[in-house]
Structure formats: C-alpha cells, structure tokens
$ cat target-v3.cif   # mmCIF, C-alpha atoms and all ligand atoms
data_coords
loop_
_atom_site.group_PDB
_atom_site.id
_atom_site.type_symbol
_atom_site.label_atom_id
_atom_site.label_comp_id
_atom_site.auth_asym_id
_atom_site.auth_seq_id
_atom_site.Cartn_x
_atom_site.Cartn_y
_atom_site.Cartn_z
ATOM 1 C CA MET A 263 16.376 -4.450 3.205
ATOM 2 C CA THR A 264 12.919 -3.175 2.253
ATOM 3 C CA ILE A 265 11.536 -3.747 -1.250
ATOM 4 C CA ALA A 266 8.281 -2.108 -2.358
ATOM 5 C CA ILE A 267 6.228 -3.724 -5.112
ATOM 6 C CA THR A 268 4.118 -1.177 -6.903
ATOM 7 C CA GLY A 269 3.371 -0.185 -10.501
ATOM 8 C CA GLY A 270 0.673 2.449 -10.863
ATOM 9 C CA LYS A 271 -2.106 0.665 -12.708
ATOM 10 C CA GLY A 272 -4.336 -1.825 -10.882
ATOM 11 C CA GLY A 273 -4.553 -5.433 -12.058
ATOM 12 C CA THR A 274 -1.008 -5.742 -13.418
ATOM 13 C CA GLY A 275 -0.156 -8.573 -11.000
ATOM 14 C CA LYS A 276 1.556 -6.680 -8.163
ATOM 15 C CA SER A 277 0.189 -8.970 -5.444
ATOM 16 C CA THR A 278 1.093 -12.161 -7.322
ATOM 17 C CA VAL A 279 4.626 -10.841 -7.849
ATOM 18 C CA ALA A 280 4.930 -9.734 -4.193
ATOM 19 C CA VAL A 281 3.688 -13.082 -2.851
ATOM 20 C CA SER A 282 5.874 -15.107 -5.254
ATOM 21 C CA LEU A 283 8.990 -13.101 -4.307
ATOM 22 C CA ALA A 284 8.155 -13.516 -0.595
ATOM 23 C CA VAL A 285 7.687 -17.303 -0.869
ATOM 24 C CA GLU A 286 10.926 -17.733 -2.861
ATOM 25 C CA LEU A 287 12.925 -15.507 -0.474
ATOM 26 C CA ALA A 288 11.462 -17.321 2.561
ATOM 27 C CA LYS A 289 13.221 -20.522 1.449
ATOM 28 C CA ASN A 290 16.541 -18.987 2.668
ATOM 29 C CA LYS A 291 15.717 -15.899 4.735
ATOM 30 C CA LYS A 292 13.317 -14.564 7.367
ATOM 31 C CA ILE A 293 10.755 -12.601 5.397
ATOM 32 C CA MET A 294 7.975 -10.185 6.242
ATOM 33 C CA LEU A 295 5.362 -9.313 3.628
ATOM 34 C CA ILE A 296 3.286 -6.204 4.310
ATOM 35 C CA ASP A 297 0.023 -6.061 2.384
ATOM 36 C CA ALA A 298 -0.434 -2.301 2.124
ATOM 37 C CA ASP A 299 -3.252 -2.445 -0.421
ATOM 38 C CA VAL A 300 -5.524 -1.602 2.507
ATOM 39 C CA GLU A 301 -8.694 -0.921 0.516
ATOM 40 C CA CYS A 302 -8.620 -4.399 -0.993
ATOM 41 C CA PRO A 303 -5.974 -6.595 0.677
ATOM 42 C CA ASN A 304 -5.684 -10.094 -0.804
ATOM 43 C CA ASP A 305 -2.163 -11.418 -0.127
ATOM 44 C CA HIS A 306 -3.642 -13.608 2.645
ATOM 45 C CA LEU A 307 -5.806 -15.283 -0.001
ATOM 46 C CA LEU A 308 -2.875 -15.849 -2.364
ATOM 47 C CA LEU A 309 -0.870 -17.290 0.548
ATOM 48 C CA SER A 310 -3.804 -19.230 1.974
ATOM 49 C CA VAL A 311 -3.318 -17.568 5.366
ATOM 50 C CA LYS A 312 -5.994 -17.541 8.078
ATOM 51 C CA ARG A 313 -5.437 -14.059 9.508
ATOM 52 C CA LYS A 314 -5.456 -13.184 13.229
ATOM 53 C CA LYS A 315 -6.400 -9.706 14.429
ATOM 54 C CA TYR A 316 -3.357 -7.792 15.730
ATOM 55 C CA CYS A 317 -4.957 -4.443 16.607
ATOM 56 C CA ASN A 318 -7.515 -1.849 15.561
ATOM 57 C CA VAL A 319 -6.443 1.428 13.959
ATOM 58 C CA TYR A 320 -8.024 4.670 15.157
ATOM 59 C CA MET A 321 -8.039 8.213 13.852
ATOM 60 C CA PRO A 322 -8.546 11.438 15.875
ATOM 61 C CA ILE A 323 -11.873 13.187 15.251
ATOM 62 C CA PRO A 324 -13.418 16.293 16.846
ATOM 63 C CA LYS A 325 -16.081 16.339 19.576
ATOM 64 C CA TRP A 326 -18.221 19.395 20.354
ATOM 65 C CA ASP A 327 -19.213 20.888 23.722
ATOM 66 C CA PHE A 328 -22.087 23.147 22.621
ATOM 67 C CA SER A 329 -22.221 24.833 26.040
ATOM 68 C CA LYS A 330 -18.990 26.615 25.001
ATOM 69 C CA CYS A 331 -19.983 27.214 21.335
ATOM 70 C CA THR A 332 -20.800 30.789 20.253
ATOM 71 C CA LYS A 333 -22.056 29.685 16.772
ATOM 72 C CA CYS A 334 -19.320 31.696 15.002
ATOM 73 C CA GLY A 335 -18.964 29.152 12.148
ATOM 74 C CA LYS A 336 -15.125 29.293 12.028
ATOM 75 C CA CYS A 337 -14.800 25.520 12.387
ATOM 76 C CA ALA A 338 -16.911 24.958 9.241
ATOM 77 C CA GLN A 339 -14.957 27.611 7.297
ATOM 78 C CA VAL A 340 -11.622 25.922 7.984
ATOM 79 C CA CYS A 341 -12.752 22.355 7.209
ATOM 80 C CA LYS A 342 -11.484 21.525 3.693
ATOM 81 C CA GLN A 343 -13.412 18.247 3.741
ATOM 82 C CA ASN A 344 -16.777 19.995 4.272
ATOM 83 C CA ALA A 345 -17.300 17.646 7.208
ATOM 84 C CA ILE A 346 -18.853 20.463 9.270
ATOM 85 C CA VAL A 347 -22.158 21.942 8.141
ATOM 86 C CA PHE A 348 -22.874 25.407 9.537
ATOM 87 C CA VAL A 349 -26.160 27.288 9.303
ATOM 88 C CA LYS A 350 -26.267 30.814 10.777
ATOM 89 C CA GLU A 351 -27.406 30.907 14.427
ATOM 90 C CA LYS A 352 -27.374 27.105 14.695
ATOM 91 C CA TYR A 353 -24.759 24.823 16.244
ATOM 92 C CA PRO A 354 -22.447 23.182 13.699
ATOM 93 C CA ALA A 355 -23.385 19.680 12.470
ATOM 94 C CA PHE A 356 -20.593 17.114 12.069
ATOM 95 C CA VAL A 357 -20.466 14.538 9.224
ATOM 96 C CA LYS A 358 -18.129 11.983 10.846
ATOM 97 C CA ASP A 359 -17.651 9.747 7.805
ATOM 98 C CA ILE A 360 -15.849 12.371 5.714
ATOM 99 C CA CYS A 361 -13.641 13.798 8.478
ATOM 100 C CA ILE A 362 -9.937 13.036 7.883
ATOM 101 C CA GLY A 363 -8.832 13.994 11.412
ATOM 102 C CA CYS A 364 -6.708 17.013 10.454
ATOM 103 C CA LYS A 365 -7.724 18.826 13.707
ATOM 104 C CA ALA A 366 -7.920 22.243 11.974
ATOM 105 C CA CYS A 367 -11.353 22.842 13.534
ATOM 106 C CA ILE A 368 -9.961 22.163 17.024
ATOM 107 C CA VAL A 369 -7.137 24.646 16.473
ATOM 108 C CA VAL A 370 -9.359 27.403 15.041
ATOM 109 C CA CYS A 371 -12.196 27.303 17.595
ATOM 110 C CA PRO A 372 -11.873 30.525 19.680
ATOM 111 C CA THR A 373 -13.792 29.170 22.701
ATOM 112 C CA LYS A 374 -12.220 25.694 22.942
ATOM 113 C CA ALA A 375 -15.621 24.137 22.337
ATOM 114 C CA ILE A 376 -14.038 21.336 20.271
ATOM 115 C CA SER A 377 -11.929 18.589 21.833
ATOM 116 C CA GLU A 378 -10.484 15.358 20.445
ATOM 117 C CA THR A 379 -11.923 11.855 20.453
ATOM 118 C CA LYS A 380 -11.279 8.929 18.080
ATOM 119 C CA LYS A 381 -12.980 6.573 15.640
ATOM 120 C CA GLN A 382 -11.911 3.169 14.333
ATOM 121 C CA ILE A 383 -10.822 3.338 10.693
ATOM 122 C CA GLY A 384 -9.403 -0.111 10.181
ATOM 123 C CA THR A 385 -7.707 -3.227 11.500
ATOM 124 C CA ILE A 386 -4.270 -4.805 11.272
ATOM 125 C CA TYR A 387 -4.001 -8.591 10.920
ATOM 126 C CA ILE A 388 -1.083 -11.024 11.075
ATOM 127 C CA GLY A 389 -0.557 -14.566 9.806
ATOM 128 C CA LYS A 390 2.067 -16.963 8.451
ATOM 129 C CA ASN A 391 2.312 -19.543 5.678
ATOM 130 C CA TYR A 392 5.073 -20.818 3.333
ATOM 131 C CA GLY A 393 7.534 -19.310 5.864
ATOM 132 C CA VAL A 394 6.285 -15.780 5.099
ATOM 133 C CA ASN A 395 5.280 -13.545 8.028
ATOM 134 C CA LEU A 396 2.321 -11.595 6.691
ATOM 135 C CA VAL A 397 1.058 -8.283 8.114
ATOM 136 C CA THR A 398 -2.087 -6.892 6.515
ATOM 137 C CA GLY A 399 -3.930 -3.610 6.938
ATOM 138 C CA GLU A 400 -7.609 -3.342 6.126
ATOM 139 C CA LEU A 401 -9.589 -0.130 5.864
ATOM 140 C CA LYS A 402 -13.059 -0.199 7.434
ATOM 141 C CA LEU A 403 -15.848 -0.102 4.850
ATOM 142 C CA GLY A 404 -16.850 3.460 3.957
ATOM 143 C CA GLU A 405 -13.735 5.066 5.498
ATOM 144 C CA LEU A 406 -11.435 7.256 3.407
ATOM 145 C CA ALA A 407 -8.174 7.418 5.376
ATOM 146 C CA SER A 408 -6.238 4.678 3.564
ATOM 147 C CA GLY A 409 -2.946 6.640 3.824
ATOM 148 C CA GLU A 410 -3.288 6.742 7.628
ATOM 149 C CA ILE A 411 -3.878 2.968 7.759
ATOM 150 C CA VAL A 412 -0.720 2.354 5.702
ATOM 151 C CA SER A 413 1.327 4.641 7.997
ATOM 152 C CA GLU A 414 0.020 2.770 11.075
ATOM 153 C CA LEU A 415 0.634 -0.549 9.314
ATOM 154 C CA ARG A 416 4.268 0.442 8.701
ATOM 155 C CA LYS A 417 4.694 1.475 12.370
ATOM 156 C CA HIS A 418 3.188 -1.759 13.714
ATOM 157 C CA SER A 419 5.208 -3.827 11.212
ATOM 158 C CA GLU A 420 8.403 -2.320 12.627
ATOM 159 C CA GLU A 421 7.246 -3.282 16.114
ATOM 160 C CA ILE A 422 6.464 -6.849 14.934
ATOM 161 C CA ASN A 423 9.781 -6.990 13.082
ATOM 162 C CA LYS A 424 11.675 -6.270 16.320
ATOM 163 C CA LYS A 425 10.284 -9.527 17.749
ATOM 164 C CA LEU A 426 10.493 -11.666 14.598
ATOM 165 C CA LYS A 427 13.818 -10.237 13.349
ATOM 166 C CA ASN A 428 12.964 -10.566 9.653
ATOM 167 C CA GLU A 429 15.865 -9.936 7.316
ATOM 168 C CA ILE A 430 13.902 -8.675 4.318
ATOM 169 C CA THR A 431 10.616 -6.774 4.191
ATOM 170 C CA LEU A 432 8.451 -6.726 1.066
ATOM 171 C CA ILE A 433 5.671 -4.155 0.773
ATOM 172 C CA ASP A 434 2.794 -4.853 -1.604
ATOM 173 C CA SER A 435 1.420 -1.371 -2.334
ATOM 174 C CA ALA A 436 -1.954 -0.252 -3.623
ATOM 175 C CA ALA A 437 -2.433 0.893 -7.229
ATOM 176 C CA GLY A 438 -2.030 4.579 -8.103
ATOM 177 C CA ILE A 439 0.329 7.266 -6.803
ATOM 178 C CA GLY A 440 -1.751 8.725 -3.936
ATOM 179 C CA CYS A 441 -1.235 8.897 -0.142
ATOM 180 C CA PRO A 442 -1.404 5.129 0.539
ATOM 181 C CA VAL A 443 1.197 4.436 -2.167
ATOM 182 C CA ILE A 444 3.512 7.205 -0.932
ATOM 183 C CA ALA A 445 3.158 5.841 2.640
ATOM 184 C CA SER A 446 4.142 2.402 1.262
ATOM 185 C CA LEU A 447 7.233 3.662 -0.589
ATOM 186 C CA ILE A 448 8.718 5.772 2.220
ATOM 187 C CA GLY A 449 11.842 4.113 3.609
ATOM 188 C CA ALA A 450 12.028 1.502 0.820
ATOM 189 C CA ASP A 451 15.486 0.599 -0.522
ATOM 190 C CA TYR A 452 14.168 -0.612 -3.868
ATOM 191 C CA ILE A 453 10.994 -0.288 -5.920
ATOM 192 C CA ALA A 454 9.959 -3.132 -8.210
ATOM 193 C CA ALA A 455 7.415 -1.570 -10.580
ATOM 194 C CA VAL A 456 5.113 -4.214 -12.062
ATOM 195 C CA THR A 457 3.535 -3.380 -15.400
ATOM 196 C CA GLU A 458 1.914 -5.080 -18.404
ATOM 197 C CA PRO A 459 2.144 -4.363 -22.155
ATOM 198 C CA THR A 460 -0.778 -1.919 -22.466
ATOM 199 C CA PRO A 461 -0.823 1.876 -23.024
ATOM 200 C CA SER A 462 -2.627 2.579 -19.729
ATOM 201 C CA ALA A 463 -0.133 0.466 -17.763
ATOM 202 C CA LEU A 464 2.836 2.287 -19.357
ATOM 203 C CA HIS A 465 1.200 5.657 -18.628
ATOM 204 C CA ASP A 466 0.733 4.750 -14.942
ATOM 205 C CA LEU A 467 4.188 3.159 -14.749
ATOM 206 C CA LYS A 468 5.779 6.468 -15.758
ATOM 207 C CA ARG A 469 3.914 8.214 -12.936
ATOM 208 C CA VAL A 470 5.037 5.730 -10.297
ATOM 209 C CA LEU A 471 8.649 5.837 -11.552
ATOM 210 C CA TYR A 472 8.493 9.621 -11.223
ATOM 211 C CA LEU A 473 7.666 9.032 -7.535
ATOM 212 C CA ALA A 474 10.640 6.662 -7.220
ATOM 213 C CA ASP A 475 12.934 9.314 -8.689
ATOM 214 C CA TYR A 476 11.423 12.005 -6.456
ATOM 215 C CA PHE A 477 12.214 9.908 -3.365
ATOM 216 C CA LYS A 478 15.597 8.874 -4.864
ATOM 217 C CA ILE A 479 14.815 5.154 -4.513
ATOM 218 C CA LYS A 480 16.476 2.589 -6.828
ATOM 219 C CA ARG A 481 13.950 1.029 -9.176
ATOM 220 C CA GLY A 482 13.452 -1.664 -11.767
ATOM 221 C CA ILE A 483 10.605 -2.830 -13.998
ATOM 222 C CA VAL A 484 8.859 -6.206 -14.072
ATOM 223 C CA ILE A 485 6.795 -6.766 -17.235
ATOM 224 C CA ASN A 486 3.985 -9.187 -16.482
ATOM 225 C CA LYS A 487 2.181 -11.054 -19.301
ATOM 226 C CA PHE A 488 4.883 -9.666 -21.644
ATOM 227 C CA ASP A 489 4.075 -12.177 -24.414
ATOM 228 C CA LEU A 490 0.420 -11.098 -24.715
ATOM 229 C CA GLU A 491 1.413 -8.035 -26.765
ATOM 230 C CA LYS A 492 5.054 -8.278 -27.815
ATOM 231 C CA SER A 493 5.075 -5.109 -29.927
ATOM 232 C CA PHE A 494 3.901 -2.992 -26.976
ATOM 233 C CA CYS A 495 6.340 -4.830 -24.702
ATOM 234 C CA SER A 496 9.191 -3.504 -26.874
ATOM 235 C CA LYS A 497 7.835 0.026 -26.345
ATOM 236 C CA ILE A 498 8.204 -0.467 -22.576
ATOM 237 C CA GLU A 499 11.715 -1.832 -23.095
ATOM 238 C CA LYS A 500 12.609 1.197 -25.243
ATOM 239 C CA PHE A 501 11.245 3.539 -22.560
ATOM 240 C CA ALA A 502 13.291 1.672 -19.914
ATOM 241 C CA LYS A 503 16.465 1.847 -22.034
ATOM 242 C CA ASN A 504 16.049 5.567 -22.758
ATOM 243 C CA ASN A 505 15.608 6.264 -19.042
ATOM 244 C CA LYS A 506 18.319 3.834 -17.846
ATOM 245 C CA ILE A 507 15.846 1.772 -15.821
ATOM 246 C CA PRO A 508 16.647 -1.961 -15.648
ATOM 247 C CA ILE A 509 14.053 -4.536 -16.680
ATOM 248 C CA ILE A 510 14.460 -6.966 -13.780
ATOM 249 C CA GLY A 511 11.963 -9.574 -14.953
ATOM 250 C CA LYS A 512 9.650 -10.591 -17.786
ATOM 251 C CA ILE A 513 6.818 -12.920 -16.838
ATOM 252 C CA PRO A 514 4.974 -14.827 -19.580
ATOM 253 C CA TYR A 515 1.220 -15.364 -19.518
ATOM 254 C CA ARG A 516 0.240 -18.950 -18.697
ATOM 255 C CA LYS A 517 -3.140 -20.351 -17.764
ATOM 256 C CA ASP A 518 -1.708 -22.038 -14.667
ATOM 257 C CA PHE A 519 -0.932 -18.544 -13.290
ATOM 258 C CA VAL A 520 -4.688 -18.035 -13.005
ATOM 259 C CA ALA A 521 -5.284 -21.630 -11.862
ATOM 260 C CA SER A 522 -2.839 -21.314 -8.950
ATOM 261 C CA THR A 523 -4.561 -18.084 -7.858
ATOM 262 C CA ILE A 524 -7.920 -19.874 -7.809
ATOM 263 C CA LYS A 525 -6.367 -22.696 -5.753
ATOM 264 C CA MET A 526 -4.879 -20.073 -3.357
ATOM 265 C CA LYS A 527 -1.379 -21.463 -3.992
ATOM 266 C CA PRO A 528 1.682 -19.319 -4.839
ATOM 267 C CA VAL A 529 2.504 -19.754 -8.536
ATOM 268 C CA ILE A 530 6.155 -20.642 -7.870
ATOM 269 C CA GLU A 531 4.987 -23.708 -5.940
ATOM 270 C CA THR A 532 3.117 -25.029 -8.969
ATOM 271 C CA ASN A 533 5.366 -24.163 -11.931
ATOM 272 C CA PRO A 534 9.218 -24.427 -11.935
ATOM 273 C CA GLU A 535 9.409 -22.035 -14.930
ATOM 274 C CA TYR A 536 8.010 -19.264 -12.732
ATOM 275 C CA ARG A 537 10.337 -20.158 -9.869
ATOM 276 C CA LYS A 538 13.342 -19.503 -12.145
ATOM 277 C CA ILE A 539 11.910 -16.149 -13.237
ATOM 278 C CA PHE A 540 11.414 -15.008 -9.640
ATOM 279 C CA GLN A 541 14.897 -16.205 -8.675
ATOM 280 C CA GLY A 542 16.172 -13.996 -11.522
ATOM 281 C CA ILE A 543 14.237 -10.984 -10.197
ATOM 282 C CA ILE A 544 15.663 -11.555 -6.702
ATOM 283 C CA LYS A 545 19.224 -11.688 -8.106
ATOM 284 C CA SER A 546 18.655 -8.360 -9.896
ATOM 285 C CA VAL A 547 17.238 -6.624 -6.826
ATOM 286 C CA ILE A 548 19.157 -7.959 -3.863
ATOM 287 C CA PRO A 549 22.904 -7.358 -3.694
ATOM 288 C CA VAL A 550 25.116 -10.462 -3.634
ATOM 289 C CA GLU A 551 26.508 -9.388 -0.237
ATOM 290 C CA ALA A 552 23.021 -10.029 1.230
ATOM 291 C CA GLY A 553 23.859 -13.704 0.663
ATOM 292 C CA ILE A 554 20.632 -14.759 -1.110
HETATM 293 S S1 LIG B 1 -10.691 17.332 11.896
HETATM 294 FE FE1 LIG B 1 -10.327 18.347 9.912
HETATM 295 S S2 LIG B 1 -11.557 17.165 8.494
HETATM 296 FE FE2 LIG B 1 -12.305 16.665 10.524
HETATM 297 S S3 LIG B 1 -13.984 18.049 10.881
HETATM 298 FE FE3 LIG B 1 -12.161 19.023 11.744
HETATM 299 S S4 LIG B 1 -11.359 20.315 10.096
HETATM 300 FE FE4 LIG B 1 -12.827 18.895 9.159
HETATM 301 S S1 LIG B 2 -15.504 27.463 15.881
HETATM 302 FE FE1 LIG B 2 -16.071 26.829 17.965
HETATM 303 S S2 LIG B 2 -17.408 28.437 18.669
HETATM 304 FE FE2 LIG B 2 -17.310 28.685 16.462
HETATM 305 S S3 LIG B 2 -19.063 27.500 15.692
HETATM 306 FE FE3 LIG B 2 -17.300 26.127 15.717
HETATM 307 S S4 LIG B 2 -17.426 25.106 17.695
HETATM 308 FE FE4 LIG B 2 -18.739 26.894 17.829
#
$ encode --input "target-v3.cif" --output "structure tokens"
Amino acid sequence: MTIAITGGKGGTGKSTVAVSLAVELAKNKKIMLIDADVECPNDHLLLSVKRKKYCNVYMPIPKWDFSKCTKCGKCAQVCKQNAIVFVKEKYPAFVKDICIGCKACIVVCPTKAISETKKQIGTIYIGKNYGVNLVTGELKLGELASGEIVSELRKHSEEINKKLKNEITLIDSAAGIGCPVIASLIGADYIAAVTEPTPSALHDLKRVLYLADYFKIKRGIVINKFDLEKSFCSKIEKFAKNNKIPIIGKIPYRKDFVASTIKMKPVIETNPEYRKIFQGIIKSVIPVEAGI
C-alpha cells in the first residue's frame, strides 16, 4: 500500500505527520518513507538519520556541434524556456541552468547539429532509523527540475523496495500542486491531506483535494494544530462534511511538538497522547485486512 502525505500549503506539518506515521507503522510492519520534498528535504533530520548517497540523478541536455550549424535560429524559436539565445548570423548561445531537458531543440534542428549529453540535477540518499527505511531526493542548488527528481526518486525507491520488501510506502510530498507533487501522488492508494485552521491552508487544501479527485485517489484530511483556531477548524469540518471527505485525524498544538522537532526525535516517541492520535489515523487509512 502506498500513502501520500500532502496538503497544499507549506508549513502545515506534513513532514511531522509523515515521520510520525512511519515510526508508528514501523513497530509492526516493514516501512519505507520517501521524502519527496526534494527542494527542501528534512525527514532525515526529524528521524535523526545520517544519510548515505545512493546515486546521482541526471537530466538530458543539448550539446552543439557548430561545424554542422547553419545559424538558422530554429532551436531558439522552439525553446519555451528561453534557454537558447539566438542573434542573427551568430551561433546560438546555451543557458544550461534554465534548460529542462525537453529535447525540442534536438528534434527541430535541420542539420543534426545538436546531440544529447547530461547534467547532474540532484542526488538520492538512503538511511534507516526507528525501523523506517528512508529514501530522500535532493535537488541540486539552482536547478529547477524538481518534478524529474521526484520521478527518479519513485523509480529508485521501487528498485530499493524489491530488495527490502517493505509492506507499506509513505510519500512525504512537497507543498503546492505542481509537477513534484503530481509525481509524488501518482500510484498512491490514499492521500492524507494535512491542513491547519487558517484561510490560506483551507484554500490550498481544496486545490490538492481537487488533484486527488482528478486522479481518483481515496483521500482524508488531517487537521494539525486544530485547537489554535477552533472556529476556523469547524469551517474545515463543514467543508469536509459537505464534500463527503473523512477527517482522519485532529492534532492539538502542544509545545512539546516543537521541542521534539528541535531534539530530532519523532513526536510519538516523546508524548503518548500523540501516539494514540497517529494510531487513530492509521486505523482510518489502512484497511483492517492489512493486519495493522
Ligand atoms: S532541451 Fe528544451 S529546454 Fe533545453 S534548450 Fe533544448 S528546447 Fe530548450
Ligand atoms: S537549429 Fe540547428 S542549425 Fe539552426 S541554429 Fe540551431 S543548432 Fe544551428
């Protein structure tokens, strides 16, 4: 079973929820946690894991052979990223950092002056603690292709899973609803959407739940810090009721939540109240026949 933890808005507590669920599940099952927040991965910090490099991730980029170039400018015209600068009667200039590797320039070049090479866009790391097998993707500084890193991360995780034979995979997605989030949700059996009682969080939650419906993935809502603004929390509950979306967990705000993060210790290991809440979320998400 694959469960994606997402929610739209950043800072709602997705990573804390993902790590807590992973640590609780790992007490009975073989668990893999994929940290797909590749621009800013931090599950290894919350789990106190010293990561080991698994592999580098590369992306195809074009390479020019100016001896074959007729200075027609077609490659620059087709590049939607404006990664090719063309000045009449000059050879095209390539801005590598903004190329997304779509290969349109290679296809369009009439003289086959452009071939394919590659550049490193990130790294995949592995590690283990609290019984959780962690796989993390990290985008190289200044690179843009976070969606590609997540897709590669998912592929390599499957490969790792074949060896480790994990029974449940949790995916901690990035904030938002863009390419890296979509790449995280593909193939998931369930989406746990983590939100908080604020207007911006509810706005972003609706967008991510739209994605869940688009991909026809079962979903439920976790309201984090629900007691900070109870009147807005009831607005989220009303929205959930009207749209027949289950609230699978309500997490109160406690100072030790922050303290355990600073100590790099999963919150369920420091507070039994939280452990019960996460056990409740697991019961709502995972069918009884999975034996958890
Ligand atoms: S591969 Fe795509 S993005 Fe990169 S330079 Fe060519 S057309 Fe532009
Ligand atoms: S499309 Fe090919 S021939 Fe035309 S400018 Fe680009 S590299 Fe040169």
$ closest_atom_pairs --input "target-v3.cif" --of "chain A" --to "ligand LIG 1 (chain B)" --cutoff "8 Å" --atoms "only C-alpha atoms and all ligand atoms" --output "CSV"
residue,atom,partner,partner_atom,distance
A:Pro322,CA,B:LIG1,S1,7.4
A:Ile323,CA,B:LIG1,S1,5.5
A:Pro324,CA,B:LIG1,S1,5.7
A:Cys337,CA,B:LIG1,S4,6.6
A:Ala338,CA,B:LIG1,S4,7.3
A:Val340,CA,B:LIG1,S4,6.0
A:Cys341,CA,B:LIG1,S4,3.8
A:Lys342,CA,B:LIG1,FE4,6.2
A:Gln343,CA,B:LIG1,S2,5.2
A:Asn344,CA,B:LIG1,FE4,6.4
A:Ala345,CA,B:LIG1,S3,5.0
A:Ile346,CA,B:LIG1,S3,5.7
A:Phe356,CA,B:LIG1,S3,6.8
A:Val357,CA,B:LIG1,S3,7.6
A:Lys358,CA,B:LIG1,S3,7.3
A:Ile360,CA,B:LIG1,S2,7.0
A:Cys361,CA,B:LIG1,FE2,3.8
A:Ile362,CA,B:LIG1,S2,4.5
A:Gly363,CA,B:LIG1,S1,3.9
A:Cys364,CA,B:LIG1,FE1,3.9
A:Lys365,CA,B:LIG1,S1,3.8
A:Ala366,CA,B:LIG1,S4,4.4
A:Cys367,CA,B:LIG1,S4,4.3
A:Ile368,CA,B:LIG1,FE3,6.5
$ closest_residue --input "target-v3.cif" --among "A:Val349, A:Ala437, A:Ala298, A:Leu307" --to "ligand LIG 2 (chain B)" --atoms "all atoms listed in the file"
A:Val349
$ axis_aligned_box --input "target-v3.cif" --around "ligand LIG 2 (chain B)" --padding-each-side "4 Å" --output "lines of an AutoDock Vina configuration file"
center_x = -17.3
center_y = 26.9
center_z = 17.2
size_x = 11.6
size_y = 11.6
size_z = 11.0
$ resolve_selection --input "target-v3.cif" --expression "the PyMOL selection byres (((not hetatm)) within 8 of (chain B and resi 2))" --output "number ranges by chain"
A: 326-328, 330-338, 348, 353-354, 367-368, 370-376
$ resolve_selection --input "target-v3.cif" --expression "the PyMOL selection byres (((chain A and resi 536-549) around 12) and not hetatm)" --output "JSON, numbers by chain"
{"A": [263, 264, 265, 266, 267, 278, 279, 280, 281, 282, 283, 284, 285, 286, 287, 288, 289, 290, 429, 430, 431, 432, 451, 452, 453, 454, 455, 456, 480, 481, 482, 483, 484, 485, 486, 508, 509, 510, 511, 512, 513, 514, 515, 516, 518, 519, 522, 528, 529, 530, 531, 532, 533, 534, 535, 550, 551, 552, 553, 554]}
$ atom_distance --input "target-v3.cif" --atom1 "atom CA of A:Ile411" --atom2 "atom CA of A:Gly389"
18.0 Å
$ resolve_selection --input "target-v3.cif" --expression "the PyMOL selection byres (((chain A and resi 442-444) around 12) and not hetatm)" --output "number ranges by chain"
A: 266-271, 297-301, 399-401, 406-416, 433-441, 445-450, 453, 469-474, 476-477
$ atom_distance --input "target-v3.cif" --atom1 "atom CA of A:Thr398" --atom2 "atom CA of A:Cys302"
10.3 Å
$ atom_distance --input "target-v3.cif" --atom1 "atom CA of A:Leu426" --atom2 "atom CA of A:Lys381"
29.7 Å
$ closest_atom_pairs --input "target-v3.cif" --of "stretch 367-393 of chain A" --to "stretch 309-312 of chain A" --cutoff "8 Å" --atoms "all atoms listed in the file" --output "JSON lines"
{"residue": "A:Gly389", "atom": "CA", "partner": "A:Val311", "partner_atom": "CA", "distance": 6.0}
{"residue": "A:Lys390", "atom": "CA", "partner": "A:Val311", "partner_atom": "CA", "distance": 6.2}
{"residue": "A:Asn391", "atom": "CA", "partner": "A:Val311", "partner_atom": "CA", "distance": 6.0}
{"residue": "A:Tyr392", "atom": "CA", "partner": "A:Leu309", "partner_atom": "CA", "distance": 7.5}
$ closest_residue --input "target-v3.cif" --among "A:Glu405, A:Glu458, A:Asp475, A:Glu491" --to "A:Gly272" --atoms "all atoms listed in the file"
A:Glu458
$ build_atoms --input "target-v3.cif" --residues "stretch 303-317 of chain A" --atoms "N, CA and C atoms" --output "mmCIF file, in the frame of the given file"
data_model
loop_
_atom_site.group_PDB
_atom_site.id
_atom_site.type_symbol
_atom_site.label_atom_id
_atom_site.label_comp_id
_atom_site.auth_asym_id
_atom_site.auth_seq_id
_atom_site.Cartn_x
_atom_site.Cartn_y
_atom_site.Cartn_z
ATOM 1 N N PRO A 303 -7.116 -5.694 0.480
ATOM 2 C CA PRO A 303 -5.974 -6.595 0.677
ATOM 3 C C PRO A 303 -6.318 -8.032 0.261
ATOM 4 N N ASN A 304 -5.383 -8.706 -0.427
ATOM 5 C CA ASN A 304 -5.684 -10.094 -0.804
ATOM 6 C C ASN A 304 -4.464 -11.022 -0.763
ATOM 7 N N ASP A 305 -3.337 -10.538 -0.214
ATOM 8 C CA ASP A 305 -2.163 -11.418 -0.127
ATOM 9 C C ASP A 305 -2.445 -12.631 0.757
ATOM 10 N N HIS A 306 -3.316 -12.468 1.772
ATOM 11 C CA HIS A 306 -3.642 -13.608 2.645
ATOM 12 C C HIS A 306 -4.369 -14.705 1.861
ATOM 13 N N LEU A 307 -5.112 -14.285 0.823
ATOM 14 C CA LEU A 307 -5.806 -15.283 -0.001
ATOM 15 C C LEU A 307 -4.797 -16.015 -0.882
ATOM 16 N N LEU A 308 -3.874 -15.237 -1.485
ATOM 17 C CA LEU A 308 -2.875 -15.849 -2.364
ATOM 18 C C LEU A 308 -1.938 -16.773 -1.585
ATOM 19 N N LEU A 309 -1.760 -16.468 -0.292
ATOM 20 C CA LEU A 309 -0.870 -17.290 0.548
ATOM 21 C C LEU A 309 -1.632 -18.320 1.367
ATOM 22 N N SER A 310 -2.953 -18.308 1.217
ATOM 23 C CA SER A 310 -3.804 -19.230 1.974
ATOM 24 C C SER A 310 -3.585 -19.083 3.487
ATOM 25 N N VAL A 311 -3.569 -17.854 3.943
ATOM 26 C CA VAL A 311 -3.318 -17.568 5.366
ATOM 27 C C VAL A 311 -4.636 -17.272 6.074
ATOM 28 N N LYS A 312 -4.851 -17.894 7.241
ATOM 29 C CA LYS A 312 -5.994 -17.541 8.078
ATOM 30 C C LYS A 312 -5.493 -16.422 8.996
ATOM 31 N N ARG A 313 -5.990 -15.201 8.782
ATOM 32 C CA ARG A 313 -5.437 -14.059 9.508
ATOM 33 C C ARG A 313 -5.940 -13.986 10.953
ATOM 34 N N LYS A 314 -5.062 -13.436 11.838
ATOM 35 C CA LYS A 314 -5.456 -13.184 13.229
ATOM 36 C C LYS A 314 -5.416 -11.681 13.444
ATOM 37 N N LYS A 315 -6.393 -11.160 14.188
ATOM 38 C CA LYS A 315 -6.400 -9.706 14.429
ATOM 39 C C LYS A 315 -5.218 -9.321 15.321
ATOM 40 N N TYR A 316 -4.477 -8.284 14.923
ATOM 41 C CA TYR A 316 -3.357 -7.792 15.730
ATOM 42 C C TYR A 316 -3.787 -6.570 16.546
ATOM 43 N N CYS A 317 -4.434 -5.609 15.882
ATOM 44 C CA CYS A 317 -4.957 -4.443 16.607
ATOM 45 C C CYS A 317 -5.909 -3.647 15.707
#
